[in-house]
Structures are given as structure tokens and as C-alpha cells.
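Notes for the one structure printed next.
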Amino acid sequence: MLPGSGSDEVFVRAVFAAPLRALGIDLQTVAPRPGSDVVAGYRAGLDAALAGPGPVLVGGISLGAHVAASWASEQPSGAGPAGLLLALPAWIGPPRDAPAALTARATAAYARSGGVEAAVAAARAGSPPWLAAELARAWPRYGTGLADALDAAADEPAPDAAALRSLTVPAGIAALVDDPVHPLSVAERWCAQMPRAALVSAPLAAFGADPAVLGRAAVLGYLRAARGGARERADPA
């Protein structure tokens, strides 16, 4: 599983470890490379996972979901992952003026002008406490590479409609119904394009109280898609 923009493998574990453990699935995470080659690092991690023994599920959060889905669409038929867990997709195709891309670029500008501390201060001013605390924990790990990593994320295309239609393995898509940075409408568009996808949504407040809410939503969507419940949408239990 791959982290989102400016996030890290610690948060990925908080989201996915317990839901996957409940199914007896071992979680492997990829730590982000600080700087402009963050996406290259994610792709290298996916290549390594696919080269390992046994079937593998791949996915991630936000940028991580974009990279995982794009990478999966490039694999030869029958040689790719067995399924996808995709949380908080933020756009389709080029990022253009998607809210998540604009946010990443603005944060990168703060980091370049005032350092990581300035970026954290700006985030605290406009974020709920739980999110501000998470960013204040994760961003210093990037050091001087934070701005370049955020800009790389903001410039990275998500899979386009054709790529999404090529993903024929079961896919669980997780969204938050009231997240302005990762609009529910984007997740719905991903789900509508993918042949075997199920969308499960939850409130932002529930995710803030327990990050595993998002992982449970993705896993539940995957299980429904695997049973043939394509393009469903429901709130996780």
C-alpha cells in the first residue's frame, strides 16, 4: 500500500493494517522518497511486491491510489495484481485544477518560502486538529524534499478513463462523503469506469476519529467487487 502526497507509511499502517489483518493478509507499505522521485519510489515498491511469491493486492491513499491504479493498468494481462484497494482518488487523468493538486502546490510554496515549519503552521490554520497533528508528524520526515515531493504529486496524472476501464480485477474504492480535497464525485467516476469495482463511503469525522475506517471501506468494497457486486455504494459498518 502506498501513501498519499506528503504522507508516509506510518499513516498507511494506521489505515490498512487492522482491516487487512482481519482477513489474514500481511500488509507491506512503501516509505516515500523525499523529493521529486517520490513516484518512482512508489513504482519500484510495486514492482518488488509483484515479483514476490503469491498473489498480491495493491493500492494506496490519494496519490498512492493514483500510482497503484496507473501501474496496474500497465501490467500484461493476467500478470498484474489480484486486486486493488484504492482510497481517496483525487482526479482522473491530468490534475489540472483539482483541489488536491492546488492544495499540494500551495503547501509546496509555503515550504519553499519558509521551510517545513511554515508549511505546518499554514496547515494548522485551516485543518481539523487530527489532520494538523498528522501533517506535523509526517512532513518533517521529508525535510528539504517536502516541496519537491508535493509538486511531483500535484503534477502526476491519475489513470484516465481508458486506463480505469482496463482494470478488470476486483477493486475496492473508499471515499469520504464530505471531503472537499478528495471529492466523492471523483471516486464515483472511478467506480463507474472500472468493470469490477465497488465504492464504499464514510463521513470525514469518522475517518478523523479512526483512520482504519478508510481501510475497512476499501476492503469491504473489494470483497463486494470480488463477489460480483460491481459499482455498489454503501457506508461501512
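Following the order of the C-alpha cells, first chain is A, next is B, and so on, with residues numbered from 1 inside each chain and ligands from 1 in the order they appear.
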Taking only residues of region 101-191 of chain A that have an atom at most 8 Å from an atom of region 63-66 of chain A, what is each one's shortest atom pair and its distance in Å to one decimal, using only C-alpha atoms, in chain and number order, as CSV?
```
residue,atom,partner,partner_atom,distance
A:Ala153,CA,A:Leu63,CA,6.5
A:Pro157,CA,A:His66,CA,7.7
A:Ala158,CA,A:His66,CA,4.9
A:Pro159,CA,A:His66,CA,6.5
```
Which polymer residues have any atom within 9 Å of an atom of Val177 (chain A), counting only C-alpha atoms, with same-chain residues fewer than 2 positions away left out, as a PyMOL selection string? chain A and resi 175+179-180+183-185+201-204
Between CA of Val38 (chain A) and CA of Ala171 (chain A), what is the distance, to one decimal in Å? 24.0 Å
Tell me which protein, DNA and RNA residues are within 10 Å of Ala192 (chain A), counting only C-alpha atoms, leaving out same-chain ones fewer than 2 positions away, and put them as a list in words. Ala161, Leu164, Arg165, Val186, Ala187, Glu188, Arg189, Trp190, Met194, Pro195, Arg196, Ala197, Ala198, Leu199, Ala230, Arg231 and Glu232 of chain A
Please write the residues from the selection above to a file, keeping N, CA, C and O atoms, as a PDB file, in the first residue's frame.
```pdb
ATOM      1  N   ALA A 161      -9.791   7.562 -18.155  1.00  0.00           N
ATOM      2  CA  ALA A 161     -10.937   6.659 -18.243  1.00  0.00           C
ATOM      3  C   ALA A 161     -10.569   5.352 -18.927  1.00  0.00           C
ATOM      4  O   ALA A 161     -11.015   4.271 -18.516  1.00  0.00           O
ATOM      5  N   LEU A 164      -8.670   3.139 -16.494  1.00  0.00           N
ATOM      6  CA  LEU A 164      -9.577   2.587 -15.483  1.00  0.00           C
ATOM      7  C   LEU A 164     -10.415   1.449 -16.065  1.00  0.00           C
ATOM      8  O   LEU A 164     -10.637   0.427 -15.405  1.00  0.00           O
ATOM      9  N   ARG A 165     -10.865   1.608 -17.302  1.00  0.00           N
ATOM     10  CA  ARG A 165     -11.669   0.552 -17.921  1.00  0.00           C
ATOM     11  C   ARG A 165     -10.866  -0.718 -18.146  1.00  0.00           C
ATOM     12  O   ARG A 165     -11.432  -1.818 -18.223  1.00  0.00           O
ATOM     13  N   VAL A 186     -15.352  12.196  -7.678  1.00  0.00           N
ATOM     14  CA  VAL A 186     -14.225  11.576  -8.372  1.00  0.00           C
ATOM     15  C   VAL A 186     -14.226  10.072  -8.130  1.00  0.00           C
ATOM     16  O   VAL A 186     -14.055   9.272  -9.054  1.00  0.00           O
ATOM     17  N   ALA A 187     -14.426   9.662  -6.900  1.00  0.00           N
ATOM     18  CA  ALA A 187     -14.495   8.225  -6.596  1.00  0.00           C
ATOM     19  C   ALA A 187     -15.638   7.561  -7.352  1.00  0.00           C
ATOM     20  O   ALA A 187     -15.506   6.428  -7.840  1.00  0.00           O
ATOM     21  N   GLU A 188     -16.759   8.251  -7.466  1.00  0.00           N
ATOM     22  CA  GLU A 188     -17.892   7.702  -8.212  1.00  0.00           C
ATOM     23  C   GLU A 188     -17.549   7.537  -9.684  1.00  0.00           C
ATOM     24  O   GLU A 188     -17.943   6.544 -10.321  1.00  0.00           O
ATOM     25  N   ARG A 189     -16.803   8.470 -10.247  1.00  0.00           N
ATOM     26  CA  ARG A 189     -16.386   8.360 -11.653  1.00  0.00           C
ATOM     27  C   ARG A 189     -15.408   7.204 -11.838  1.00  0.00           C
ATOM     28  O   ARG A 189     -15.490   6.474 -12.825  1.00  0.00           O
ATOM     29  N   TRP A 190     -14.466   7.049 -10.908  1.00  0.00           N
ATOM     30  CA  TRP A 190     -13.562   5.889 -10.979  1.00  0.00           C
ATOM     31  C   TRP A 190     -14.385   4.601 -10.969  1.00  0.00           C
ATOM     32  O   TRP A 190     -14.162   3.716 -11.785  1.00  0.00           O
ATOM     33  N   MET A 194     -14.613   1.443 -13.917  1.00  0.00           N
ATOM     34  CA  MET A 194     -13.926   0.170 -13.683  1.00  0.00           C
ATOM     35  C   MET A 194     -14.907  -0.998 -13.752  1.00  0.00           C
ATOM     36  O   MET A 194     -15.987  -0.953 -13.159  1.00  0.00           O
ATOM     37  N   PRO A 195     -14.577  -2.059 -14.473  1.00  0.00           N
ATOM     38  CA  PRO A 195     -15.521  -3.154 -14.686  1.00  0.00           C
ATOM     39  C   PRO A 195     -15.938  -3.897 -13.431  1.00  0.00           C
ATOM     40  O   PRO A 195     -17.063  -4.397 -13.345  1.00  0.00           O
ATOM     41  N   ARG A 196     -15.028  -4.013 -12.435  1.00  0.00           N
ATOM     42  CA  ARG A 196     -15.332  -4.802 -11.235  1.00  0.00           C
ATOM     43  C   ARG A 196     -14.947  -3.995  -9.994  1.00  0.00           C
ATOM     44  O   ARG A 196     -14.047  -4.355  -9.251  1.00  0.00           O
ATOM     45  N   ALA A 197     -15.657  -2.914  -9.770  1.00  0.00           N
ATOM     46  CA  ALA A 197     -15.360  -2.033  -8.643  1.00  0.00           C
ATOM     47  C   ALA A 197     -16.593  -1.832  -7.795  1.00  0.00           C
ATOM     48  O   ALA A 197     -17.718  -1.865  -8.288  1.00  0.00           O
ATOM     49  N   ALA A 198     -16.368  -1.636  -6.507  1.00  0.00           N
ATOM     50  CA  ALA A 198     -17.451  -1.272  -5.585  1.00  0.00           C
ATOM     51  C   ALA A 198     -16.949  -0.130  -4.716  1.00  0.00           C
ATOM     52  O   ALA A 198     -15.822  -0.156  -4.218  1.00  0.00           O
ATOM     53  N   LEU A 199     -17.783   0.870  -4.555  1.00  0.00           N
ATOM     54  CA  LEU A 199     -17.452   2.064  -3.795  1.00  0.00           C
ATOM     55  C   LEU A 199     -18.126   2.013  -2.434  1.00  0.00           C
ATOM     56  O   LEU A 199     -19.327   1.744  -2.336  1.00  0.00           O
ATOM     57  N   ALA A 230     -20.519  -5.166  -8.501  1.00  0.00           N
ATOM     58  CA  ALA A 230     -19.828  -4.037  -9.131  1.00  0.00           C
ATOM     59  C   ALA A 230     -20.621  -2.750  -8.967  1.00  0.00           C
ATOM     60  O   ALA A 230     -21.851  -2.740  -8.967  1.00  0.00           O
ATOM     61  N   ARG A 231     -19.874  -1.668  -8.810  1.00  0.00           N
ATOM     62  CA  ARG A 231     -20.421  -0.317  -8.811  1.00  0.00           C
ATOM     63  C   ARG A 231     -21.432  -0.091  -7.698  1.00  0.00           C
ATOM     64  O   ARG A 231     -22.380   0.659  -7.842  1.00  0.00           O
ATOM     65  N   GLU A 232     -21.240  -0.761  -6.580  1.00  0.00           N
ATOM     66  CA  GLU A 232     -22.076  -0.520  -5.422  1.00  0.00           C
ATOM     67  C   GLU A 232     -21.566   0.665  -4.645  1.00  0.00           C
ATOM     68  O   GLU A 232     -20.415   1.062  -4.740  1.00  0.00           O
TER      69      GLU A 232
END
```
Expressed in Å to a single decimal, how great is the separation between CA of Ala22 (chain A) and CA of Met1 (chain A)?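 That distance, rounded to one decimal, is 16.2 Å.
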To one decimal place, how far is CA of Ala48 (chain A) from CA of Ala31 (chain A) in Å? 13.3 Å
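When only C-alpha atoms are used to measure the gap to Ala100 (chain A), the shortest distance among A:Ala69, A:Val181, A:Leu131, A:Leu86 belongs to A:Val181.
Contact shell of His182 (chain A) at 8 Å (only C-alpha atoms; same-chain neighbours under 5 positions omitted): Ser62, Leu88, Pro89, Ala90, Trp91, Pro99, Ala100, Ala175 and Leu176 of chain A.
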Which of region 51-198 of chain A fall in helix (DSSP H, G or I), as a VMD selection string: chain A and resid 51 63 to 73 99 to 126 129 to 155 161 to 165 184 to 193
